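Peer 1: Hey, dropping entry-v6.txt in here, compact mmCIF, C-alpha atoms:
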```txt
# COMPACT_ATOMS: atom_id res chain seq x y z
CA MET A 28 0.00 0.00 0.00
CA LYS A 29 1.31 3.41 -1.02
CA LYS A 30 0.47 6.48 1.03
CA GLY A 31 -0.99 9.46 -0.78
CA TYR A 32 -2.55 12.81 -0.05
CA LEU A 33 -5.44 14.95 -1.15
CA VAL A 34 -4.47 18.59 -0.66
CA LEU A 35 -7.12 21.29 -1.01
CA GLN A 36 -6.35 24.71 -2.46
CA ASN A 37 -6.79 26.21 1.02
CA GLY A 38 -3.96 24.02 2.36
CA GLN A 39 -6.01 21.37 4.16
CA VAL A 40 -4.43 17.91 3.85
CA PHE A 41 -6.18 14.52 3.86
CA GLU A 42 -4.07 11.37 4.04
CA GLY A 43 -5.12 8.18 2.27
CA ILE A 44 -3.88 5.21 0.27
CA ARG A 45 -3.19 5.41 -3.44
CA PHE A 46 -4.95 3.16 -5.97
CA GLY A 47 -5.29 3.32 -9.71
CA ALA A 48 -2.61 5.16 -11.69
CA GLY A 49 0.50 6.09 -9.72
CA SER A 50 -0.17 3.62 -6.92
CA ASP A 51 2.60 1.16 -7.80
CA GLU A 52 5.48 1.51 -5.33
CA THR A 53 7.94 0.29 -7.97
CA SER A 54 6.91 2.79 -10.63
CA SER A 55 9.38 5.54 -11.41
CA GLY A 56 8.23 9.01 -10.37
CA GLN A 57 4.86 10.03 -8.99
CA MET A 58 1.58 10.82 -10.70
CA ASP A 59 0.06 13.99 -9.32
CA SER A 60 -3.28 15.23 -10.58
CA ILE A 61 -4.94 18.61 -10.09
CA GLY A 62 -8.67 19.06 -10.59
CA GLU A 63 -11.85 20.67 -9.32
CA LEU A 64 -12.97 18.60 -6.33
CA VAL A 65 -16.69 17.72 -6.39
CA PHE A 66 -18.82 15.18 -4.55
CA THR A 67 -21.57 12.91 -5.85
CA THR A 68 -24.17 11.28 -3.61
CA GLY A 69 -25.11 8.23 -5.69
CA MET A 70 -25.18 4.90 -3.86
CA VAL A 71 -24.84 2.94 -7.10
CA GLY A 72 -23.71 3.82 -10.61
CA TYR A 73 -20.04 4.53 -9.95
CA LEU A 74 -19.17 3.18 -13.41
CA GLU A 75 -21.60 5.59 -15.05
CA THR A 76 -20.06 8.39 -12.97
CA LEU A 77 -16.49 7.51 -13.93
CA THR A 78 -17.36 7.36 -17.64
CA ASP A 79 -19.62 10.43 -17.80
CA PRO A 80 -17.85 13.08 -19.94
CA SER A 81 -19.60 15.79 -17.89
CA TYR A 82 -17.02 15.20 -15.12
CA TYR A 83 -14.20 16.50 -17.31
CA GLY A 84 -11.45 18.23 -15.32
CA GLN A 85 -12.80 17.19 -11.92
CA ILE A 86 -11.62 15.03 -9.04
CA VAL A 87 -14.74 13.08 -8.11
CA MET A 88 -15.45 12.07 -4.52
CA GLN A 89 -18.14 9.51 -3.67
CA THR A 90 -20.10 10.19 -0.48
CA PHE A 91 -21.33 6.58 -0.32
CA PRO A 92 -18.71 4.81 1.82
CA GLN A 93 -17.95 1.60 -0.09
CA ILE A 94 -17.17 1.69 -3.79
CA GLY A 95 -16.14 -1.06 -6.20
CA ASN A 96 -18.42 -3.84 -4.94
CA TYR A 97 -19.47 -5.03 -8.40
CA GLY A 98 -16.18 -4.31 -10.13
CA VAL A 99 -15.91 -2.91 -13.64
CA ILE A 100 -18.40 -3.81 -16.38
CA SER A 101 -17.61 -2.17 -19.72
CA GLU A 102 -21.18 -2.64 -20.98
CA ASP A 103 -22.28 -0.06 -18.38
CA PHE A 104 -19.91 2.69 -19.57
CA GLU A 105 -21.52 5.97 -20.68
CA GLY A 106 -18.49 7.28 -22.58
CA ASP A 107 -14.76 7.81 -22.15
CA SER A 108 -13.61 8.72 -18.66
CA ALA A 109 -12.61 12.36 -18.31
CA VAL A 110 -12.15 12.67 -14.54
CA ARG A 111 -8.85 13.93 -13.09
CA GLY A 112 -8.99 11.71 -10.02
CA TYR A 113 -11.24 9.54 -7.85
CA VAL A 114 -11.62 9.64 -4.04
CA VAL A 115 -13.52 7.09 -1.94
CA ARG A 116 -13.83 6.12 1.72
CA GLN A 117 -13.49 2.35 1.33
CA LEU A 118 -12.34 0.50 -1.78
CA CYS A 119 -13.69 -3.00 -2.41
CA GLU A 120 -10.78 -5.04 -3.72
CA THR A 121 -12.73 -8.32 -4.09
CA PRO A 122 -15.83 -7.45 -6.15
CA SER A 123 -18.63 -9.98 -6.47
CA ASN A 124 -20.79 -9.84 -9.60
CA PHE A 125 -21.25 -12.32 -12.44
CA ARG A 126 -20.66 -9.51 -14.99
CA CYS A 127 -17.44 -8.26 -13.36
CA GLU A 128 -14.49 -7.99 -15.76
CA LYS A 129 -11.83 -6.45 -13.49
CA THR A 130 -11.37 -4.49 -10.27
CA LEU A 131 -11.79 -0.74 -10.05
CA ASP A 132 -8.10 -0.44 -9.16
CA ALA A 133 -7.05 -2.32 -12.31
CA TYR A 134 -9.36 -0.20 -14.47
CA LEU A 135 -8.03 3.12 -13.18
CA LYS A 136 -4.46 1.91 -13.70
CA GLU A 137 -5.36 0.95 -17.26
CA ILE A 138 -6.78 4.37 -18.17
CA GLY A 139 -4.27 6.44 -16.21
CA ILE A 140 -6.50 7.95 -13.52
CA PRO A 141 -5.21 8.24 -9.94
CA GLY A 142 -7.37 7.32 -6.98
CA LEU A 143 -7.21 7.69 -3.21
CA TYR A 144 -9.06 5.67 -0.57
CA GLY A 145 -9.15 5.67 3.23
CA VAL A 146 -10.08 9.35 3.18
CA ASP A 147 -12.64 10.95 5.52
CA THR A 148 -15.15 11.72 2.77
CA ARG A 149 -17.78 12.93 5.27
CA GLU A 150 -15.49 15.71 6.47
CA LEU A 151 -14.53 16.58 2.90
CA THR A 152 -18.19 16.84 1.91
CA ARG A 153 -18.87 19.19 4.82
CA ILE A 154 -15.97 21.42 3.73
CA ILE A 155 -17.25 21.67 0.16
CA ARG A 156 -20.83 22.30 1.27
CA GLU A 157 -19.72 25.12 3.56
CA ASN A 158 -17.01 26.68 1.40
CA GLY A 159 -18.09 25.73 -2.11
CA THR A 160 -16.36 23.70 -4.79
CA MET A 161 -12.57 24.07 -4.65
CA ASN A 162 -9.51 22.77 -6.41
CA ALA A 163 -7.38 19.95 -5.05
CA ILE A 164 -4.41 17.75 -5.91
CA ILE A 165 -3.86 14.01 -5.46
CA CYS A 166 -0.15 13.55 -4.74
CA ASP A 167 2.54 11.45 -3.07
CA GLU A 168 4.08 14.38 -1.21
CA VAL A 169 2.38 17.50 0.13
CA PRO A 170 3.50 20.42 -2.08
CA SER A 171 5.01 23.48 -0.42
CA ASP A 172 3.56 25.76 -3.11
CA LEU A 173 -0.14 25.52 -4.00
CA THR A 174 -0.09 28.21 -6.71
CA ALA A 175 -0.74 25.70 -9.52
CA VAL A 176 -3.63 24.14 -7.58
CA GLN A 177 -5.24 27.49 -6.86
CA ALA A 178 -4.86 28.65 -10.47
CA TYR A 179 -6.42 25.53 -12.05
CA ARG A 180 -9.54 26.11 -14.16
CA VAL A 181 -11.73 23.74 -16.16
CA ALA A 182 -11.57 25.20 -19.68
CA ASN A 183 -12.30 24.14 -23.28
CA ALA A 184 -14.26 21.28 -21.77
CA VAL A 185 -16.69 20.40 -24.58
CA ARG A 186 -14.03 20.22 -27.31
CA SER A 187 -11.82 18.14 -24.99
CA VAL A 188 -14.38 15.31 -24.64
CA THR A 189 -15.76 15.19 -28.18
CA LYS A 190 -14.48 14.12 -31.59
CA GLU A 191 -14.92 15.59 -35.04
CA GLU A 192 -16.80 12.64 -36.48
CA ILE A 193 -20.36 11.83 -37.49
CA LEU A 194 -21.93 8.59 -36.24
CA THR A 195 -25.23 6.94 -37.09
CA TYR A 196 -27.46 4.63 -35.04
CA GLN A 197 -30.43 2.72 -36.45
CA ALA A 198 -33.69 2.04 -34.64
CA GLU A 199 -35.19 -1.43 -34.98
CA HIS A 200 -38.46 0.06 -36.26
CA PRO A 201 -37.60 3.60 -37.43
CA VAL A 202 -40.30 6.26 -37.41
CA TYR A 203 -38.37 9.48 -36.77
CA LYS A 204 -35.09 10.97 -37.87
CA VAL A 205 -33.22 12.82 -35.12
CA ALA A 206 -29.93 14.73 -34.99
CA LEU A 207 -28.00 14.62 -31.71
CA ILE A 208 -25.40 17.33 -31.12
CA ASP A 209 -22.73 15.70 -28.98
CA TYR A 210 -21.35 18.07 -26.32
CA GLY A 211 -20.25 15.07 -24.24
CA ALA A 212 -23.28 12.83 -24.70
CA LYS A 213 -24.00 9.82 -22.52
CA GLN A 214 -24.67 6.60 -24.42
CA ASN A 215 -28.04 6.05 -22.81
CA ILE A 216 -29.46 9.14 -24.53
CA ILE A 217 -28.78 7.33 -27.80
CA ARG A 218 -30.39 4.12 -26.52
CA GLU A 219 -33.50 5.92 -25.25
CA LEU A 220 -34.07 7.62 -28.60
CA CYS A 221 -33.42 4.49 -30.67
CA ARG A 222 -35.84 2.38 -28.65
CA ARG A 223 -38.51 5.00 -29.40
CA GLY A 224 -38.10 4.56 -33.13
CA CYS A 225 -35.55 7.30 -33.82
CA ASP A 226 -32.85 6.82 -36.42
CA LEU A 227 -30.06 8.90 -34.98
CA THR A 228 -27.21 10.89 -36.50
CA VAL A 229 -24.67 12.12 -33.94
CA TYR A 230 -22.81 15.30 -34.87
CA PRO A 231 -19.81 16.99 -33.20
CA PRO A 232 -20.36 20.30 -31.38
CA SER A 233 -18.93 22.19 -34.38
CA VAL A 234 -21.86 21.18 -36.63
CA LYS A 235 -23.51 24.08 -38.45
CA ALA A 236 -27.23 24.77 -38.18
CA GLU A 237 -27.50 24.78 -41.97
CA THR A 238 -26.34 21.16 -42.06
CA LEU A 239 -29.01 20.10 -39.59
CA LEU A 240 -31.81 22.07 -41.23
CA ALA A 241 -30.95 20.57 -44.61
CA GLY A 242 -30.72 17.02 -43.24
CA GLY A 243 -34.42 16.19 -43.23
CA PHE A 244 -34.51 15.71 -39.45
CA ASP A 245 -37.69 15.66 -37.37
CA GLY A 246 -35.94 17.07 -34.29
CA VAL A 247 -32.61 17.98 -32.72
CA MET A 248 -31.32 16.73 -29.36
CA LEU A 249 -28.87 18.93 -27.41
CA SER A 250 -26.82 16.62 -25.21
CA ASN A 251 -25.23 16.89 -21.80
CA GLY A 252 -21.59 17.89 -21.45
CA PRO A 253 -18.97 19.44 -19.15
CA GLY A 254 -17.76 22.87 -18.18
CA ASP A 255 -19.03 26.45 -18.13
CA PRO A 256 -21.88 26.74 -20.66
CA ALA A 257 -21.10 30.41 -21.40
CA GLU A 258 -17.69 29.57 -22.91
CA ASN A 259 -19.37 27.74 -25.83
CA THR A 260 -20.07 30.88 -27.86
CA GLU A 261 -19.86 29.22 -31.30
CA GLU A 262 -22.21 26.41 -30.29
CA ILE A 263 -24.71 28.91 -28.82
CA ALA A 264 -24.68 30.90 -32.07
CA GLU A 265 -25.61 27.78 -34.06
CA ILE A 266 -28.43 26.83 -31.68
CA LYS A 267 -29.90 30.32 -32.19
CA LYS A 268 -30.32 29.50 -35.88
CA LEU A 269 -32.28 26.34 -35.05
CA ILE A 270 -34.77 27.92 -32.65
CA SER A 271 -38.39 27.92 -33.92
CA ARG A 272 -37.38 26.04 -37.08
CA ILE A 273 -37.17 22.50 -35.70
CA PRO A 274 -38.18 20.80 -32.40
CA LEU A 275 -35.42 20.94 -29.78
CA PHE A 276 -34.86 18.95 -26.57
CA GLY A 277 -31.91 19.82 -24.30
CA ILE A 278 -30.46 17.86 -21.38
CA CYS A 279 -28.05 19.28 -18.76
CA LEU A 280 -25.50 21.36 -20.74
CA GLY A 281 -27.93 21.30 -23.67
CA HIS A 282 -30.53 22.86 -21.35
CA GLN A 283 -28.09 25.64 -20.43
CA LEU A 284 -26.95 26.30 -24.00
CA LEU A 285 -30.55 26.56 -25.22
CA ALA A 286 -31.28 29.12 -22.48
CA LEU A 287 -28.22 31.17 -23.45
CA ALA A 288 -29.19 31.00 -27.12
CA LEU A 289 -32.57 32.50 -26.18
CA GLY A 290 -30.95 35.38 -24.31
CA GLY A 291 -31.00 33.90 -20.81
CA LYS A 292 -28.25 33.72 -18.20
CA THR A 293 -26.52 30.96 -16.27
CA GLU A 294 -24.78 31.03 -12.90
CA LYS A 295 -22.25 28.85 -11.12
CA LEU A 296 -23.66 27.02 -8.09
CA LYS A 297 -21.83 26.87 -4.77
CA TYR A 298 -21.16 23.15 -5.03
CA GLY A 299 -23.52 21.92 -7.74
CA HIS A 300 -25.91 18.97 -7.88
CA ARG A 301 -24.32 15.56 -8.39
CA GLY A 302 -25.93 12.25 -7.54
CA ALA A 303 -28.90 10.00 -8.21
CA ASN A 304 -31.22 11.31 -5.49
CA GLN A 305 -31.93 14.95 -6.39
CA PRO A 306 -35.60 15.97 -5.81
CA VAL A 307 -37.26 17.98 -8.59
CA LYS A 308 -40.75 19.52 -8.29
CA GLN A 309 -43.21 20.18 -11.06
CA VAL A 310 -44.06 23.88 -11.11
CA ASP A 311 -47.63 23.30 -12.33
CA GLY A 312 -48.53 20.14 -10.47
CA THR A 313 -48.05 18.14 -7.31
CA ARG A 314 -45.40 15.65 -8.40
CA THR A 315 -41.85 15.55 -7.07
CA TYR A 316 -39.45 13.35 -9.03
CA ILE A 317 -36.19 11.83 -7.84
CA THR A 318 -33.58 12.52 -10.48
CA SER A 319 -29.97 11.91 -11.43
CA GLN A 320 -27.90 15.06 -11.86
CA ASN A 321 -24.35 16.19 -12.59
CA HIS A 322 -23.83 19.91 -13.04
CA GLY A 323 -22.11 22.90 -11.47
CA TYR A 324 -24.06 25.62 -13.32
CA ALA A 325 -27.76 26.49 -13.45
CA VAL A 326 -30.08 28.50 -15.68
CA VAL A 327 -31.42 31.72 -14.14
CA ALA A 328 -35.14 31.31 -14.87
CA ALA A 329 -35.91 34.98 -14.25
CA SER A 330 -33.62 35.93 -17.15
CA LEU A 331 -36.02 34.14 -19.51
CA ALA A 332 -39.21 35.86 -18.33
CA GLY A 333 -41.56 36.37 -21.26
CA ILE A 334 -39.57 33.93 -23.41
CA GLY A 335 -40.00 30.60 -21.67
CA LYS A 336 -41.84 28.98 -18.78
CA GLU A 337 -40.11 27.29 -15.85
CA ILE A 338 -41.52 23.77 -15.56
CA PHE A 339 -39.29 22.13 -12.90
CA VAL A 340 -37.46 23.46 -9.83
CA ASN A 341 -35.02 21.83 -7.44
CA ALA A 342 -36.87 20.97 -4.21
CA ASN A 343 -33.76 21.63 -2.11
CA ASP A 344 -32.60 25.05 -3.29
CA GLY A 345 -35.26 26.25 -5.74
CA THR A 346 -32.92 26.49 -8.73
CA CYS A 347 -34.23 25.99 -12.26
CA GLU A 348 -34.50 22.37 -13.38
CA GLY A 349 -36.46 22.72 -16.61
CA MET A 350 -37.82 25.21 -19.13
CA SER A 351 -40.49 25.05 -21.81
CA TYR A 352 -40.48 27.33 -24.86
CA GLU A 353 -43.79 26.53 -26.53
CA ASP A 354 -43.58 29.25 -29.18
CA GLN A 355 -40.11 28.01 -30.13
CA LYS A 356 -41.03 24.28 -30.22
CA ALA A 357 -38.42 23.53 -27.59
CA PHE A 358 -37.98 22.38 -24.00
CA SER A 359 -35.07 21.37 -21.79
CA VAL A 360 -34.21 19.91 -18.39
CA GLN A 361 -31.22 20.20 -16.09
CA PHE A 362 -31.41 16.63 -14.79
CA HIS A 363 -30.81 13.33 -16.63
CA PRO A 364 -34.02 11.54 -17.69
CA GLU A 365 -31.86 8.92 -19.42
CA ALA A 366 -29.94 7.95 -16.24
CA CYS A 367 -28.89 4.36 -16.90
CA ALA A 368 -28.24 3.56 -13.22
CA GLY A 369 -31.56 5.15 -12.29
CA PRO A 370 -33.82 6.59 -11.16
CA HIS A 371 -36.05 6.31 -14.23
CA ASP A 372 -38.89 8.54 -12.97
CA THR A 373 -38.52 11.12 -15.76
CA SER A 374 -37.89 8.97 -18.82
CA PHE A 375 -41.32 10.14 -20.03
CA LEU A 376 -39.58 13.32 -21.23
CA PHE A 377 -38.28 11.41 -24.25
CA ASP A 378 -41.91 10.64 -25.08
CA ARG A 379 -42.66 14.35 -24.80
CA PHE A 380 -39.94 14.97 -27.41
CA ILE A 381 -41.59 12.41 -29.69
CA MET A 382 -44.94 14.21 -29.28
CA LEU A 383 -43.28 17.54 -30.05
CA MET A 384 -41.95 16.15 -33.32
CA GLU A 385 -45.37 14.72 -34.20
CA GLU A 386 -47.04 18.08 -33.52
CA HIS A 387 -44.47 19.82 -35.71
CA HIS A 388 -45.48 17.63 -38.67
CA ALA A 389 -49.22 17.77 -37.99
```
Give the structure from this file in C-alpha cells form.
Peer 2:
Amino acid sequence: MKKGYLVLQNGQVFEGIRFGAGSDETSSGQMDSIGELVFTTGMVGYLETLTDPSYYGQIVMQTFPQIGNYGVISEDFEGDSAVRGYVVRQLCETPSNFRCEKTLDAYLKEIGIPGLYGVDTRELTRIIRENGTMNAIICDEVPSDLTAVQAYRVANAVRSVTKEEILTYQAEHPVYKVALIDYGAKQNIIRELCRRGCDLTVYPPSVKAETLLAGGFDGVMLSNGPGDPAENTEEIAEIKKLISRIPLFGICLGHQLLALALGGKTEKLKYGHRGANQPVKQVDGTRTYITSQNHGYAVVAASLAGIGKEIFVNANDGTCEGMSYEDQKAFSVQFHPEACAGPHDTSFLFDRFIMLMEEHHA
C-alpha cells in the first residue's frame, strides 16, 4: 500500500492510500493530478459516474462509503472517462458480480487515472458544502507551493471530450429521424431515442445549423456535457439559428446552451448537484421526481421571463431544473431523464420529445 494525499487549495491535507494510476510503489516518479474537487451522492452507478464526460477536469469524490463492490463492467460505460482523479472512503478489492471484468483499481491503472481511498469523505463533503467547490491535488508528497492548484480552471471542456466525427445509429423500427449534437453525450441518450423509433445521426459540437436544417430531421437533441456553458459561444450561435425552425430537446448542458441562445443567463452554483437522489418539483402540479444530476451551473429562470416557462425546480434550493419554450417548439431539463443507473422517474420526457416532433409535422 502506497500512502498518498489529497491537498485542497486552502492548504487542508487529507491522508489516504493510493490506488489506480500512480499507486505502484515500484513505478518511477509520482503521478500527481490537479482538478476541481466535487462530490456525488449516488449509492450505485459509480461506473456511469467515472465514464460520464460531464465530469471532465474534476476530481470526483463519492459520499457513499464503499465503492467497487461489483467491479468494472464495460457494458455499463456511458463514454470515455474524463475525470482527473477519484476519491472514496473504502475501496472494495474483491468485487462480487457475475458480470465483473476487473477491479476498479485495475481499471483506473489501465486508463491512467489516480485514486485515493481511506479518506474521511464525510469531512470533505462538509468542507465543500460550507465553502463551495474548490480545487485539489492528489499527490505522493504534500507540495510546499499551492499556486498551480489554486490557479487551475476547467476550460475548453466540450471540445476536450468530443471528436470531429459523425456517427449513425439505427432504430429497430424507425419512425423518426433525429440529430443529436454531442457536447459530451452519454450513451443512454442514444439508446433511449433508438428504442422509441428514432434513427439517430450524432454530430460533433462544431456542426452548423444549416447542415441540420438541410438534413431532413424531425428534431434535434442537445446533449449533456462538461464545463461552463457560457464559454461555448460558437455552439450557442448555431443553436440560435435552429430555434423555432425545428423541435429541440436539451439535457443538462444542452438545457443551459438553449437558455443562453434565447438570451437567458446561467450562474455557477456553490457546489452543484451531483448524484442519483436529487428531488425535482413540477411547477404546475403536485409531483416531485427523484432525479440523477451532474452539473455545477444552473439556468437563471428569471432571465427568460416572457420567453419561456419554468416547468421544474429543485426541491432543495429552488434552482431551475427545466424550461419550456412553446412558441419556439423547444424544452429542456437540467437533470438526466436517461440515467442508466436510475432513477427512471422522468424517462417520459423522451416521449414528450416524440410528441413535439409529431405536432411539428401535424
Peer 1: Using all atoms listed in the file, which of the listed residues (A:Gln197, A:Thr260, A:Ser319, A:Asn343) sits closest to Val360 (chain A)?
Peer 2: A:Ser319
Peer 1: Between A:Leu227, A:Thr130, A:Ile44, A:Arg301, which has the minimum distance to Leu64 (chain A) (counting all atoms listed in the file)?
Peer 2: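 Closest residue, counting all atoms listed in the file: A:Arg301.
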Peer 1: Any idea what the distance is between CA of Phe125 (chain A) and CA of Thr78 (chain A)?
Peer 2: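 Between CA of Phe125 (chain A) and CA of Thr78 (chain A) the gap is 20.7 Å.
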Peer 1: Counting all atoms listed in the file, which residue out of A:Gly106, A:Pro231, A:Gly38, A:Gly84 sits closest to Asp255 (chain A)?
Peer 2: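 That would be A:Gly84, the residue with the smallest distance to Asp255 (chain A).
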Peer 1: Excluding same-chain residues fewer than 4 positions from Val326 (chain A), what lies within 9 Å of it counting all atoms listed in the file, as a PyMOL selection string?
Peer 2: chain A and resi 282-283+286-287+291-294+330+346-349+361
Peer 1: For region 93-101 of chain A, find every residue with an atom within 6 Å (counting only C-alpha atoms), except residues of its own chain fewer than 5 positions away, and show them as a list of chain:residue names.
Peer 2: A:Gln117, A:Leu118, A:Cys119, A:Pro122, A:Ser123, A:Asn124, A:Cys127, A:Glu128, A:Lys129, A:Thr130, A:Leu131
Peer 1: Every residue with an atom at most 8 Å from (4.3, 16.2, -6.9) (file coordinates; all atoms listed in the file) is what I'm after, so could you write them as a PDB file with C-alpha atoms, keeping the file's coordinate frame?
Peer 2:
```pdb
ATOM      1  CA  GLN A  57       4.860  10.030  -8.990  1.00  0.00           C
ATOM      2  CA  MET A  58       1.580  10.820 -10.700  1.00  0.00           C
ATOM      3  CA  ASP A  59       0.060  13.990  -9.320  1.00  0.00           C
ATOM      4  CA  CYS A 166      -0.150  13.550  -4.740  1.00  0.00           C
ATOM      5  CA  ASP A 167       2.540  11.450  -3.070  1.00  0.00           C
ATOM      6  CA  GLU A 168       4.080  14.380  -1.210  1.00  0.00           C
ATOM      7  CA  VAL A 169       2.380  17.500   0.130  1.00  0.00           C
ATOM      8  CA  PRO A 170       3.500  20.420  -2.080  1.00  0.00           C
TER       9      PRO A 170
END
```
Peer 1: Measuring between all atoms listed in the file, which one of A:Val114, A:Leu77, A:Met70, A:Met248 shows the shortest distance to Gly369 (chain A)?
Peer 2: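 Selected residue with least distance to Gly369 (chain A): A:Met70.
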